[in-house]
Amino acid sequence: MNKVLKWILIICTGGILLYLATSFFAVFMLTYFSSSKRINHPEEERIFERIKKDYHIETIERNPEFERQVKNQDTLTYTLYLYSKKNCNIEPDSMKNNALGIAKEINNIHLESKYYKYRLVFSCKAYNPNGSNFEFLRKDLIP
C-alpha cells in the first residue's frame with residue numbers, strides 16, 4: 001500500500017510540474033510573437049547623442065516608437081519630446097533656431113517616406129508632453 005501511494009504522489013507531482021511547464025511555455029510564446037517590434041534606426045541613436053550634447057538636452061523620446069503604430073498609415077508625423085531643465089529659461093526665438101537645427105539633424109536619419117512632418121516639443125519637465133511646439137515639413141528641410 002505504501003508503494004502504491006508513493007507512485008501516485010510521484011505521478012501527480014510530475015503531472016502538475018509538466019502542466020506548469022507547458023503553460024509557461026505557451027504564455028511565453030504568445031507574448032514573444034504578439035509583441036510589436038521597436039523601430040530601429042542605428043543612425044538615429046548616434047544623431048540623438050549628438051543632439052543631446054549640442055543642445056543640452058537631458059532626455060529624448062520619440063513617437064511613433066513601435067512598428068504597429070506605423071503599419072497602416074499613409075502619412076505620419078515624427079515627434080520628438082526634448083526634455084531639459086534649461087528649456088524653461090530659453091527665449092522663443094532661440095528655441096525656434098534650436099528646433100530648426102534639430103529638424104535638419106533629424107532629416108539625416110533616412111526615415112520612411114511616410115513621415116512628412118517633424119514635430120519638436122521642448123519641455124522643461126520630464127514626461128510632460130506640454131511645452132513649446134515647433135513643426136517643420138520634411139520637404140522644406142531638403143537642401
# chains A, B, ... in the order shown; residues from 1 in each chain; ligands from 1
call {"tool": "residues_around", "arguments": {"residues": "Phe48 of chain A", "least_positions_apart": "5", "cutoff": "12 Å", "atoms": "only C-alpha atoms", "output": "VMD selection string"}}
result
chain A and resid 41 to 43 53 to 62 80 to 82 102 to 103 105 to 106 108 to 109
call {"tool": "closest_atom_pairs", "arguments": {"of": "segment 8-110 of chain A", "to": "segment 128-141 of chain A", "cutoff": "9 Å", "atoms": "only C-alpha atoms", "output": "JSON lines"}}
result
{"residue": "A:Thr79", "atom": "CA", "partner": "A:Glu135", "partner_atom": "CA", "distance": 9.0}
{"residue": "A:Tyr81", "atom": "CA", "partner": "A:Pro129", "partner_atom": "CA", "distance": 6.8}
{"residue": "A:Tyr83", "atom": "CA", "partner": "A:Asn128", "partner_atom": "CA", "distance": 8.5}
{"residue": "A:Pro92", "atom": "CA", "partner": "A:Ser132", "partner_atom": "CA", "distance": 8.2}
{"residue": "A:Met95", "atom": "CA", "partner": "A:Ser132", "partner_atom": "CA", "distance": 8.4}
{"residue": "A:Lys96", "atom": "CA", "partner": "A:Phe134", "partner_atom": "CA", "distance": 7.1}
{"residue": "A:Ala99", "atom": "CA", "partner": "A:Phe134", "partner_atom": "CA", "distance": 6.7}
{"residue": "A:Leu100", "atom": "CA", "partner": "A:Phe136", "partner_atom": "CA", "distance": 7.9}
{"residue": "A:Ala103", "atom": "CA", "partner": "A:Phe136", "partner_atom": "CA", "distance": 7.3}
{"residue": "A:Lys104", "atom": "CA", "partner": "A:Leu141", "partner_atom": "CA", "distance": 6.3}
{"residue": "A:Asn107", "atom": "CA", "partner": "A:Leu141", "partner_atom": "CA", "distance": 7.3}
call {"tool": "write_last_selection", "arguments": {"atoms": "C-alpha atoms", "output": "PDB file, in the first residue's frame"}}
result
ATOM      1  CA  THR A  79       7.530  63.688 -32.959  1.00  0.00           C
ATOM      2  CA  TYR A  81       9.902  65.218 -26.981  1.00  0.00           C
ATOM      3  CA  TYR A  83      13.305  67.396 -22.035  1.00  0.00           C
ATOM      4  CA  PRO A  92      11.225  81.541 -28.030  1.00  0.00           C
ATOM      5  CA  MET A  95      14.287  77.833 -29.141  1.00  0.00           C
ATOM      6  CA  LYS A  96      12.989  78.131 -32.708  1.00  0.00           C
ATOM      7  CA  ALA A  99      14.326  73.432 -33.293  1.00  0.00           C
ATOM      8  CA  LEU A 100      15.313  74.196 -36.887  1.00  0.00           C
ATOM      9  CA  ALA A 103      14.991  69.192 -37.520  1.00  0.00           C
ATOM     10  CA  LYS A 104      17.852  69.407 -40.018  1.00  0.00           C
ATOM     11  CA  ASN A 107      16.473  64.845 -41.700  1.00  0.00           C
TER      12      ASN A 107
END
call {"tool": "select_by_dssp", "arguments": {"residues": "chain A", "states": "strand (DSSP E)", "output": "PyMOL selection string"}}
result
chain A and resi 59-63+76-83+115-123+132-137
call {"tool": "atom_distance", "arguments": {"atom1": "atom CA of Asn89 of chain A", "atom2": "atom CA of Leu120 of chain A"}}
result
17.2 Å
call {"tool": "residues_around", "arguments": {"residues": "Asp74 of chain A", "least_positions_apart": "4", "cutoff": "10 Å", "atoms": "only C-alpha atoms", "output": "list in words"}}
result
Val70, Ser113, Lys114, Tyr115 and Tyr116 of chain A
call {"tool": "write_last_selection", "arguments": {"atoms": "C-alpha atoms", "output": "mmCIF file, in the first residue's frame"}}
result
data_model
loop_
_atom_site.group_PDB
_atom_site.id
_atom_site.type_symbol
_atom_site.label_atom_id
_atom_site.label_comp_id
_atom_site.auth_asym_id
_atom_site.auth_seq_id
_atom_site.Cartn_x
_atom_site.Cartn_y
_atom_site.Cartn_z
ATOM 1 C CA VAL A 70 3.350 52.951 -38.491
ATOM 2 C CA SER A 113 8.672 58.401 -46.914
ATOM 3 C CA LYS A 114 5.516 58.149 -44.770
ATOM 4 C CA TYR A 115 6.959 60.774 -42.431
ATOM 5 C CA TYR A 116 6.027 64.093 -43.966
#
call {"tool": "select_by_dssp", "arguments": {"residues": "chain A", "states": "helix (DSSP H, G or I)", "output": "VMD selection string"}}
result
chain A and resid 2 to 34 42 to 55 67 to 69 85 to 88 92 to 106 138 to 141
call {"tool": "closest_residue", "arguments": {"among": "A:Gly101, A:Thr22, A:Glu49, A:Thr77", "to": "Tyr118 of chain A", "atoms": "only C-alpha atoms"}}
result
A:Thr77
